[in-house]
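Enquirer: Structure file input.tsv, TSV, C-alpha atoms, is pasted below:
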```tsv
chain	number	residue	atom	x	y	z
H	1	MET	CA	-27.28	64.30	43.03
H	2	SER	CA	-24.59	65.87	40.90
H	3	ARG	CA	-21.30	64.03	41.20
H	4	SER	CA	-17.87	65.21	40.27
H	5	PRO	CA	-16.06	62.94	37.85
H	6	GLN	CA	-13.16	61.01	39.38
H	7	TRP	CA	-10.54	61.92	36.80
H	8	SER	CA	-8.72	65.17	36.22
H	9	ASN	CA	-8.56	65.39	32.45
H	10	SER	CA	-12.21	65.06	31.42
H	11	TYR	CA	-14.44	67.81	30.08
H	12	GLU	CA	-16.54	67.69	33.26
H	13	SER	CA	-13.48	68.31	35.41
H	14	GLN	CA	-12.99	71.63	33.62
H	15	LEU	CA	-16.41	72.95	34.65
H	16	THR	CA	-17.18	74.86	37.81
H	17	ASP	CA	-19.34	73.12	40.44
H	18	GLU	CA	-22.29	75.27	39.39
H	19	GLN	CA	-21.83	74.45	35.68
H	20	LEU	CA	-21.45	70.77	36.47
H	21	ARG	CA	-24.64	70.68	38.56
H	22	TRP	CA	-26.55	72.46	35.80
H	23	LEU	CA	-25.16	70.14	33.12
H	24	HIS	CA	-26.08	66.98	35.03
H	25	ALA	CA	-29.56	68.27	35.87
H	26	ALA	CA	-30.21	69.33	32.27
H	27	LEU	CA	-28.95	66.03	30.86
H	28	LEU	CA	-31.09	63.94	33.19
H	29	ALA	CA	-34.15	66.14	32.65
H	30	ARG	CA	-33.45	66.22	28.89
H	31	SER	CA	-34.28	69.88	28.96
H	32	PRO	CA	-33.21	71.94	27.15
H	33	SER	CA	-32.37	69.79	24.13
H	34	ASP	CA	-28.78	68.55	23.75
H	35	LYS	CA	-28.11	71.29	21.20
H	36	GLY	CA	-29.47	73.84	23.69
H	37	ILE	CA	-27.25	72.42	26.42
H	38	LEU	CA	-24.27	72.50	24.10
H	39	ALA	CA	-24.90	76.17	23.31
H	40	LYS	CA	-24.67	77.07	27.00
H	41	LEU	CA	-21.51	75.08	27.73
H	42	PRO	CA	-18.05	76.63	27.65
H	43	PRO	CA	-15.33	75.16	25.41
H	44	TRP	CA	-12.53	72.94	26.72
H	45	ARG	CA	-10.22	75.11	28.79
H	46	SER	CA	-7.11	72.99	28.29
H	47	GLY	CA	-5.76	69.83	26.73
H	48	PRO	CA	-5.69	68.72	23.10
H	49	ARG	CA	-9.25	70.00	22.53
H	50	GLN	CA	-8.65	73.41	24.07
H	51	GLY	CA	-11.01	76.02	22.61
H	52	GLN	CA	-13.36	73.41	21.11
H	53	LYS	CA	-16.95	72.87	22.23
H	54	PRO	CA	-17.76	69.42	23.59
H	55	THR	CA	-19.50	67.17	21.07
H	56	LEU	CA	-23.04	65.78	21.19
H	57	ALA	CA	-21.46	62.36	21.63
H	58	THR	CA	-19.74	63.64	24.77
H	59	LEU	CA	-23.07	64.83	26.19
H	60	SER	CA	-24.73	61.56	25.28
H	61	ASN	CA	-21.97	59.60	27.02
H	62	ILE	CA	-22.18	61.75	30.15
H	63	ARG	CA	-25.97	61.30	30.29
H	64	ALA	CA	-25.68	57.53	29.78
H	65	ARG	CA	-23.08	57.38	32.54
H	66	LEU	CA	-25.26	59.42	34.95
H	67	GLU	CA	-28.31	57.24	34.34
H	68	LEU	CA	-26.22	54.11	34.63
H	69	GLU	CA	-24.64	55.34	37.88
H	70	GLU	CA	-28.10	55.88	39.32
H	71	ASN	CA	-29.27	52.44	38.27
H	72	PHE	CA	-26.16	50.71	39.58
H	73	ALA	CA	-26.36	52.67	42.85
H	74	GLU	CA	-30.01	51.68	43.32
H	75	ASP	CA	-29.26	48.02	42.54
H	76	GLY	CA	-26.31	48.17	44.95
H	77	ARG	CA	-28.49	49.55	47.76
H	78	THR	CA	-31.19	46.91	47.12
H	79	THR	CA	-28.57	44.14	47.11
H	80	GLU	CA	-26.92	45.41	50.33
H	81	SER	CA	-30.34	45.57	52.00
H	82	LEU	CA	-31.15	42.00	50.94
H	83	LEU	CA	-27.77	40.80	52.17
H	84	ASP	CA	-28.35	42.45	55.56
H	85	GLN	CA	-31.69	40.66	55.87
H	86	LEU	CA	-30.07	37.40	54.79
H	87	LYS	CA	-27.24	37.78	57.31
H	88	SER	CA	-29.71	38.16	60.16
H	89	THR	CA	-31.86	35.25	58.92
H	90	VAL	CA	-28.98	32.85	58.12
H	91	PRO	CA	-26.11	33.99	60.37
H	92	ASN	CA	-23.80	31.06	59.52
H	93	LEU	CA	-23.28	32.11	55.87
H	94	THR	CA	-19.61	32.73	55.09
H	95	ASP	CA	-18.34	36.00	53.62
H	96	ALA	CA	-17.58	34.22	50.35
H	97	GLU	CA	-21.13	32.84	50.17
H	98	LEU	CA	-22.60	36.25	50.95
H	99	ASP	CA	-20.36	37.82	48.34
H	100	GLU	CA	-21.53	35.38	45.72
H	101	ILE	CA	-25.21	35.76	46.61
H	102	GLY	CA	-24.73	39.53	46.49
H	103	GLN	CA	-23.08	39.34	43.09
H	104	ARG	CA	-25.82	37.11	41.69
H	105	THR	CA	-28.52	39.43	43.05
H	106	PHE	CA	-26.80	42.53	41.73
H	107	SER	CA	-26.43	40.94	38.27
H	108	LEU	CA	-30.09	39.96	38.21
H	109	LEU	CA	-31.18	43.45	39.27
H	110	ALA	CA	-28.99	44.97	36.57
H	111	LEU	CA	-30.80	42.86	33.99
H	112	ARG	CA	-34.17	43.91	35.35
H	113	GLN	CA	-33.26	47.59	35.20
H	114	GLN	CA	-32.08	47.46	31.66
H	115	ASP	CA	-34.28	44.94	29.99
H	116	MET	CA	-37.55	44.49	31.78
H	117	LYS	CA	-38.90	42.33	29.00
H	118	ALA	CA	-35.94	39.97	29.17
H	119	PHE	CA	-36.27	39.86	32.94
H	120	VAL	CA	-40.00	39.14	32.72
H	121	ARG	CA	-39.33	36.44	30.10
H	122	LEU	CA	-36.75	34.87	32.39
H	123	ARG	CA	-39.07	35.06	35.40
H	124	SER	CA	-42.04	33.80	33.35
H	125	ALA	CA	-40.04	30.84	32.10
H	126	ARG	CA	-39.03	30.02	35.65
H	127	THR	CA	-42.59	30.52	36.91
H	128	LYS	CA	-43.95	28.29	34.13
H	129	ALA	CA	-41.41	25.62	35.00
H	130	GLU	CA	-42.36	25.93	38.67
H	131	ILE	CA	-46.06	25.65	37.81
H	132	GLU	CA	-45.39	22.57	35.67
H	133	ARG	CA	-43.37	21.01	38.49
H	134	THR	CA	-46.18	21.76	40.97
H	135	LYS	CA	-48.77	20.30	38.59
H	136	LEU	CA	-46.68	17.15	38.21
H	137	ALA	CA	-46.27	16.84	41.97
H	138	LEU	CA	-50.06	17.26	42.45
H	139	LEU	CA	-50.76	14.62	39.79
H	140	GLU	CA	-48.30	12.26	41.43
H	141	ARG	CA	-49.95	12.87	44.79
H	142	ALA	CA	-53.42	12.30	43.26
H	143	GLU	CA	-52.18	9.05	41.69
H	144	ALA	CA	-50.70	7.95	44.98
H	145	ARG	CA	-53.95	8.80	46.75
H	146	LYS	CA	-55.91	6.83	44.14
H	147	ASP	CA	-53.63	3.81	44.64
H	148	GLN	CA	-54.05	4.15	48.38
H	149	GLU	CA	-57.86	4.34	48.04
H	150	LEU	CA	-57.86	1.29	45.78
H	151	ALA	CA	-55.75	-0.62	48.29
H	152	LEU	CA	-58.12	0.42	51.09
H	153	ALA	CA	-61.20	-0.55	49.02
H	154	ARG	CA	-59.63	-3.92	48.21
H	155	GLU	CA	-58.76	-4.48	51.87
H	156	LYS	CA	-62.33	-3.54	52.87
H	157	PHE	CA	-63.82	-5.84	50.24
H	158	GLU	CA	-61.64	-8.77	51.32
H	159	ARG	CA	-62.42	-8.17	55.00
H	160	GLU	CA	-66.17	-7.94	54.36
H	161	SER	CA	-66.05	-11.05	52.16
H	162	CYS	CA	-64.26	-13.00	54.90
H	163	GLU	CA	-66.80	-11.75	57.45
H	164	LEU	CA	-69.62	-12.94	55.18
H	165	ILE	CA	-67.98	-16.34	54.74
H	166	LEU	CA	-67.60	-16.66	58.53
H	167	LYS	CA	-71.21	-15.56	59.03
H	168	ALA	CA	-72.41	-18.00	56.38
H	169	ALA	CA	-70.47	-20.84	58.00
H	170	ARG	CA	-72.41	-20.25	61.21
H	171	ASP	CA	-75.80	-19.64	59.54
H	172	GLU	CA	-78.13	-22.65	60.06
H	173	ARG	CA	-80.32	-21.78	57.05
H	174	VAL	CA	-77.21	-21.66	54.83
H	175	LYS	CA	-76.07	-25.04	56.16
H	176	GLU	CA	-79.52	-26.43	55.42
H	177	ILE	CA	-79.53	-25.11	51.82
H	178	GLU	CA	-76.01	-26.39	51.24
H	179	ALA	CA	-76.84	-29.86	52.56
H	180	SER	CA	-80.02	-30.16	50.50
H	181	ALA	CA	-80.19	-32.27	47.33
H	182	ALA	CA	-81.36	-29.29	45.26
H	183	PRO	CA	-79.41	-28.51	42.06
H	184	HIS	CA	-76.72	-25.84	42.16
H	185	GLU	CA	-78.86	-23.13	40.48
H	186	GLU	CA	-81.65	-23.70	42.99
H	187	LYS	CA	-79.21	-23.47	45.92
H	188	ILE	CA	-78.01	-20.08	44.59
H	189	ARG	CA	-81.59	-18.84	44.25
H	190	LEU	CA	-82.40	-19.92	47.83
H	191	LEU	CA	-79.24	-18.34	49.21
H	192	ARG	CA	-79.97	-15.11	47.37
H	193	ALA	CA	-83.54	-15.06	48.75
H	194	HIS	CA	-82.09	-15.67	52.25
H	195	TYR	CA	-79.42	-12.97	52.12
H	196	PHE	CA	-81.39	-10.31	50.22
H	197	ALA	CA	-84.77	-10.81	51.91
H	198	ASP	CA	-84.69	-7.20	53.18
H	199	VAL	CA	-84.09	-5.85	49.64
H	200	ASP	CA	-86.97	-7.91	48.28
H	201	ALA	CA	-89.19	-6.60	51.08
H	202	LEU	CA	-88.28	-3.00	50.25
H	203	GLU	CA	-88.99	-3.54	46.56
H	204	LYS	CA	-92.39	-4.94	47.43
H	205	ALA	CA	-93.04	-1.91	49.65
H	206	GLY	CA	-92.52	0.35	46.61
H	207	GLY	CA	-89.03	1.82	47.02
H	208	VAL	CA	-86.15	2.64	49.25
H	209	PRO	CA	-86.67	5.69	51.52
H	210	LEU	CA	-83.64	7.98	51.25
H	211	PRO	CA	-82.26	9.73	54.35
H	212	PRO	CA	-83.03	13.52	54.53
J	1	MET	CA	-15.56	43.30	13.69
J	2	GLY	CA	-13.20	45.99	12.44
J	3	PRO	CA	-10.52	47.71	14.56
J	4	GLU	CA	-12.58	50.90	14.98
J	5	GLU	CA	-15.68	48.99	16.01
J	6	ARG	CA	-13.59	46.94	18.44
J	7	GLU	CA	-12.17	50.11	19.94
J	8	LEU	CA	-15.67	51.55	20.42
J	9	LEU	CA	-16.81	48.33	22.06
J	10	ARG	CA	-13.88	48.46	24.49
J	11	GLN	CA	-14.69	52.07	25.33
J	12	SER	CA	-18.34	51.22	25.94
J	13	ILE	CA	-17.36	48.35	28.23
J	14	LEU	CA	-15.10	50.65	30.22
J	15	ARG	CA	-17.83	53.31	30.43
J	16	VAL	CA	-20.25	50.77	31.90
J	17	LEU	CA	-17.65	49.53	34.39
J	18	GLU	CA	-16.78	53.12	35.26
J	19	ALA	CA	-20.42	53.93	36.10
J	20	ASN	CA	-20.57	51.15	38.66
J	21	LYS	CA	-19.48	52.49	42.05
J	22	THR	CA	-20.91	49.60	44.08
J	23	PRO	CA	-18.81	46.82	45.64
J	24	PHE	CA	-20.29	44.36	43.13
J	25	GLY	CA	-19.02	43.61	39.65
J	26	VAL	CA	-20.82	43.86	36.31
J	27	SER	CA	-21.75	40.51	34.81
J	28	ILE	CA	-21.43	39.80	31.10
J	29	GLU	CA	-25.20	39.83	30.54
J	30	ALA	CA	-25.58	43.15	32.35
J	31	MET	CA	-22.65	44.43	30.32
J	32	ARG	CA	-24.27	43.42	27.03
J	33	LEU	CA	-27.47	45.24	27.95
J	34	ASN	CA	-25.76	48.37	29.29
J	35	ILE	CA	-23.39	48.98	26.40
J	36	ARG	CA	-26.54	49.69	24.37
J	37	ARG	CA	-26.75	52.99	26.27
J	38	PHE	CA	-23.55	53.98	24.54
J	39	GLY	CA	-24.97	53.02	21.17
J	40	PHE	CA	-23.28	49.68	21.00
J	41	GLU	CA	-24.65	46.19	20.58
J	42	SER	CA	-22.52	43.09	20.45
J	43	SER	CA	-22.58	39.34	20.90
J	44	ARG	CA	-21.74	37.66	24.18
J	45	GLU	CA	-18.59	36.17	22.67
J	46	ASP	CA	-17.32	39.52	21.38
J	47	VAL	CA	-18.02	41.23	24.69
J	48	ALA	CA	-16.28	38.42	26.60
J	49	ALA	CA	-13.27	38.59	24.30
J	50	GLU	CA	-12.92	42.36	24.70
J	51	ILE	CA	-13.32	42.17	28.48
J	52	ASP	CA	-10.50	39.60	28.54
J	53	TYR	CA	-8.40	42.01	26.48
J	54	LEU	CA	-9.12	44.88	28.90
J	55	VAL	CA	-8.23	42.63	31.84
J	56	ASP	CA	-4.94	41.67	30.15
J	57	LYS	CA	-4.24	45.39	29.62
J	58	GLY	CA	-4.95	46.09	33.29
J	59	LEU	CA	-7.88	48.40	32.50
J	60	ALA	CA	-10.47	46.05	34.04
J	61	ALA	CA	-10.27	43.38	36.73
J	62	THR	CA	-12.22	40.26	37.56
J	63	LYS	CA	-14.23	40.47	40.76
J	64	ASP	CA	-12.52	38.08	43.14
J	65	LYS	CA	-13.75	36.01	46.12
J	66	LEU	CA	-16.47	34.34	44.07
J	67	ILE	CA	-16.97	30.64	44.67
J	68	SER	CA	-18.69	29.51	41.48
J	69	PRO	CA	-16.59	29.92	38.35
J	70	GLU	CA	-19.72	30.61	36.26
J	71	VAL	CA	-20.46	33.73	38.31
J	72	ARG	CA	-18.04	36.14	36.64
J	73	ALA	CA	-18.11	39.87	37.05
J	74	TRP	CA	-15.73	42.74	36.41
J	75	ARG	CA	-14.73	46.11	37.79
J	76	ILE	CA	-12.78	49.01	36.33
J	77	THR	CA	-9.23	49.69	37.53
J	78	ALA	CA	-7.52	53.06	38.07
J	79	PRO	CA	-5.73	52.83	34.68
J	80	GLY	CA	-9.13	52.05	33.14
J	81	ARG	CA	-10.60	55.25	34.61
J	82	ASP	CA	-7.68	57.30	33.34
J	83	PHE	CA	-8.03	55.77	29.89
J	84	ILE	CA	-11.75	56.46	29.57
J	85	ALA	CA	-11.35	60.03	30.84
J	86	GLN	CA	-9.24	60.83	27.83
J	87	GLN	CA	-11.79	59.61	25.31
```
Translate the structure described by the file into structure tokens.

Expert:
Amino acid sequence: MSRSPQWSNSYESQLTDEQLRWLHAALLARSPSDKGILAKLPPWRSGPRQGQKPTLATLSNIRARLELEENFAEDGRTTESLLDQLKSTVPNLTDAELDEIGQRTFSLLALRQQDMKAFVRLRSARTKAEIERTKLALLERAEARKDQELALAREKFERESCELILKAARDERVKEIEASAAPHEEKIRLLRAHYFADVDALEKAGGVPLPP
Amino acid sequence: MGPEERELLRQSILRVLEANKTPFGVSIEAMRLNIRRFGFESSREDVAAEIDYLVDKGLAATKDKLISPEVRAWRITAPGRDFIAQQ
């Protein structure tokens, strides 16, 4: 877990491996306090600060770097893992495309690590937009379905009307009523009585029996 | 922003870049969030301007091979590591 710094002139580079491991562990655990850590650390062995104790700012920077290294390393591993999965799923992606997807993923993960609220806000905004888009699509589909149903109902009505006209043209009773000298209103009444005789019969019987 | 503040911002940027050992670069938004760890907060424009300065100085480098120009990310260079080690 403890890592040696990569440069030769830092305070950490002047510590023994054991001191460095202890320092990193103490900084990450935040125990003892930074003042307590400082008390146990040796002064700079060489360089312009030789003989001086490291400052609290130095400790704070080392801790921030250690935590940041861990976060970046974790994000890097997650990104690499996602890229491996992507490569096997979409094998024809170019190296440049993979590199860009990796960079975008890594950047997004870095945001999540550091500012969960910002990440959640970003995700929520996207989710809300997606929900709105889905709602709109559903409404459009419902409208389309309604139009389709109306068209079907109109087609059905027209077909049934034409069938009735054809039926009426062949109906002897209808021909008889039409040819009679009765006034128009009377012809309508007679036609209605002819076509809706079954309804009149049901009404007289006291109601329409509903199916179970 | 005064010269001292600018210097601290540059150091914070380099410290963030230095902590990243992955093959990926640090984006400007991730940079803005991470420099807070070093007690620094700055606008996107200021951070971008100081990154450009560090690139010009050879202390940081733009991550290459990216297709989209809007996807920008940076890495620390060897001179950048040497510089930050002395701070």

Enquirer: Write out as a PyMOL selection string every residue belonging to chain J that has an atom at most 8 Å from any atom of chain H, counting only C-alpha atoms.

Expert: chain J and resi 15-16+19-27+29-30+33-34+37-38+65-68+71+73+81-82+85-86

Enquirer: Can I get the selected residues back with C-alpha atoms, as a PDB file, in the coordinates of the input?

Expert:
```pdb
ATOM      1  CA  ARG J  15     -17.830  53.310  30.430  1.00  0.00           C
ATOM      2  CA  VAL J  16     -20.250  50.770  31.900  1.00  0.00           C
ATOM      3  CA  ALA J  19     -20.420  53.930  36.100  1.00  0.00           C
ATOM      4  CA  ASN J  20     -20.570  51.150  38.660  1.00  0.00           C
ATOM      5  CA  LYS J  21     -19.480  52.490  42.050  1.00  0.00           C
ATOM      6  CA  THR J  22     -20.910  49.600  44.080  1.00  0.00           C
ATOM      7  CA  PRO J  23     -18.810  46.820  45.640  1.00  0.00           C
ATOM      8  CA  PHE J  24     -20.290  44.360  43.130  1.00  0.00           C
ATOM      9  CA  GLY J  25     -19.020  43.610  39.650  1.00  0.00           C
ATOM     10  CA  VAL J  26     -20.820  43.860  36.310  1.00  0.00           C
ATOM     11  CA  SER J  27     -21.750  40.510  34.810  1.00  0.00           C
ATOM     12  CA  GLU J  29     -25.200  39.830  30.540  1.00  0.00           C
ATOM     13  CA  ALA J  30     -25.580  43.150  32.350  1.00  0.00           C
ATOM     14  CA  LEU J  33     -27.470  45.240  27.950  1.00  0.00           C
ATOM     15  CA  ASN J  34     -25.760  48.370  29.290  1.00  0.00           C
ATOM     16  CA  ARG J  37     -26.750  52.990  26.270  1.00  0.00           C
ATOM     17  CA  PHE J  38     -23.550  53.980  24.540  1.00  0.00           C
ATOM     18  CA  LYS J  65     -13.750  36.010  46.120  1.00  0.00           C
ATOM     19  CA  LEU J  66     -16.470  34.340  44.070  1.00  0.00           C
ATOM     20  CA  ILE J  67     -16.970  30.640  44.670  1.00  0.00           C
ATOM     21  CA  SER J  68     -18.690  29.510  41.480  1.00  0.00           C
ATOM     22  CA  VAL J  71     -20.460  33.730  38.310  1.00  0.00           C
ATOM     23  CA  ALA J  73     -18.110  39.870  37.050  1.00  0.00           C
ATOM     24  CA  ARG J  81     -10.600  55.250  34.610  1.00  0.00           C
ATOM     25  CA  ASP J  82      -7.680  57.300  33.340  1.00  0.00           C
ATOM     26  CA  ALA J  85     -11.350  60.030  30.840  1.00  0.00           C
ATOM     27  CA  GLN J  86      -9.240  60.830  27.830  1.00  0.00           C
TER      28      GLN J  86
END
```

Enquirer: Return the single residue from J:Ala48, J:Tyr53, J:Leu59, J:Glu5 that is closest to J:Ile84, with distances computed using all atoms listed in the file.

Expert: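 Of the candidates, the smallest distance to J:Ile84 is held by J:Leu59.
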
Enquirer: Counting only C-alpha atoms, what is within 9 Å of J:Phe40, bar same-chain residues fewer than 3 positions away, as an MDAnalysis selection string?

Expert: chainID J and resid 8:9 12 32 34:37

Enquirer: One decimal, Å: what's the distance from atom CA of H:Glu185 over to atom CA of H:Asp200, could you say?

Expert: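 Separation between atom CA of H:Glu185 and atom CA of H:Asp200: 18.9 Å.
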
Enquirer: Would you mind reading off the distance between atom CA of H:Leu164 and atom CA of H:Ala182, one decimal, in Å?

Expert: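 Atom CA of H:Leu164 sits 22.4 Å away from atom CA of H:Ala182.
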
Enquirer: So what do you get for atom CA of J:Ala49 versus atom CA of J:Ala61, distance-wise?

Expert: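 Computed distance, atom CA of J:Ala49 to atom CA of J:Ala61, equals 13.7 Å.
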
Enquirer: Residues within 12 Å of H:Leu190, please, as a PyMOL selection string. Count all atoms listed in the file; anything in the same chain fewer than 5 positions from it doesn't count.

Expert: chain H and resi 173-178+180+182-185+195-197

Enquirer: Would you save the residues of that selection, restricted to C-alpha atoms, as a PDB file, keeping the file's coordinate frame?

Expert:
```
ATOM      1  CA  ARG H 173     -80.320 -21.780  57.050  1.00  0.00           C
ATOM      2  CA  VAL H 174     -77.210 -21.660  54.830  1.00  0.00           C
ATOM      3  CA  LYS H 175     -76.070 -25.040  56.160  1.00  0.00           C
ATOM      4  CA  GLU H 176     -79.520 -26.430  55.420  1.00  0.00           C
ATOM      5  CA  ILE H 177     -79.530 -25.110  51.820  1.00  0.00           C
ATOM      6  CA  GLU H 178     -76.010 -26.390  51.240  1.00  0.00           C
ATOM      7  CA  SER H 180     -80.020 -30.160  50.500  1.00  0.00           C
ATOM      8  CA  ALA H 182     -81.360 -29.290  45.260  1.00  0.00           C
ATOM      9  CA  PRO H 183     -79.410 -28.510  42.060  1.00  0.00           C
ATOM     10  CA  HIS H 184     -76.720 -25.840  42.160  1.00  0.00           C
ATOM     11  CA  GLU H 185     -78.860 -23.130  40.480  1.00  0.00           C
ATOM     12  CA  TYR H 195     -79.420 -12.970  52.120  1.00  0.00           C
ATOM     13  CA  PHE H 196     -81.390 -10.310  50.220  1.00  0.00           C
ATOM     14  CA  ALA H 197     -84.770 -10.810  51.910  1.00  0.00           C
TER      15      ALA H 197
END
```

Enquirer: Here is a test: counting only C-alpha atoms, which residue of J:Ile76, J:Val55, J:Ala60, J:Val47 is nearest to J:Ile28?

Expert: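 Among the listed residues, the smallest separation from J:Ile28 belongs to J:Val47.
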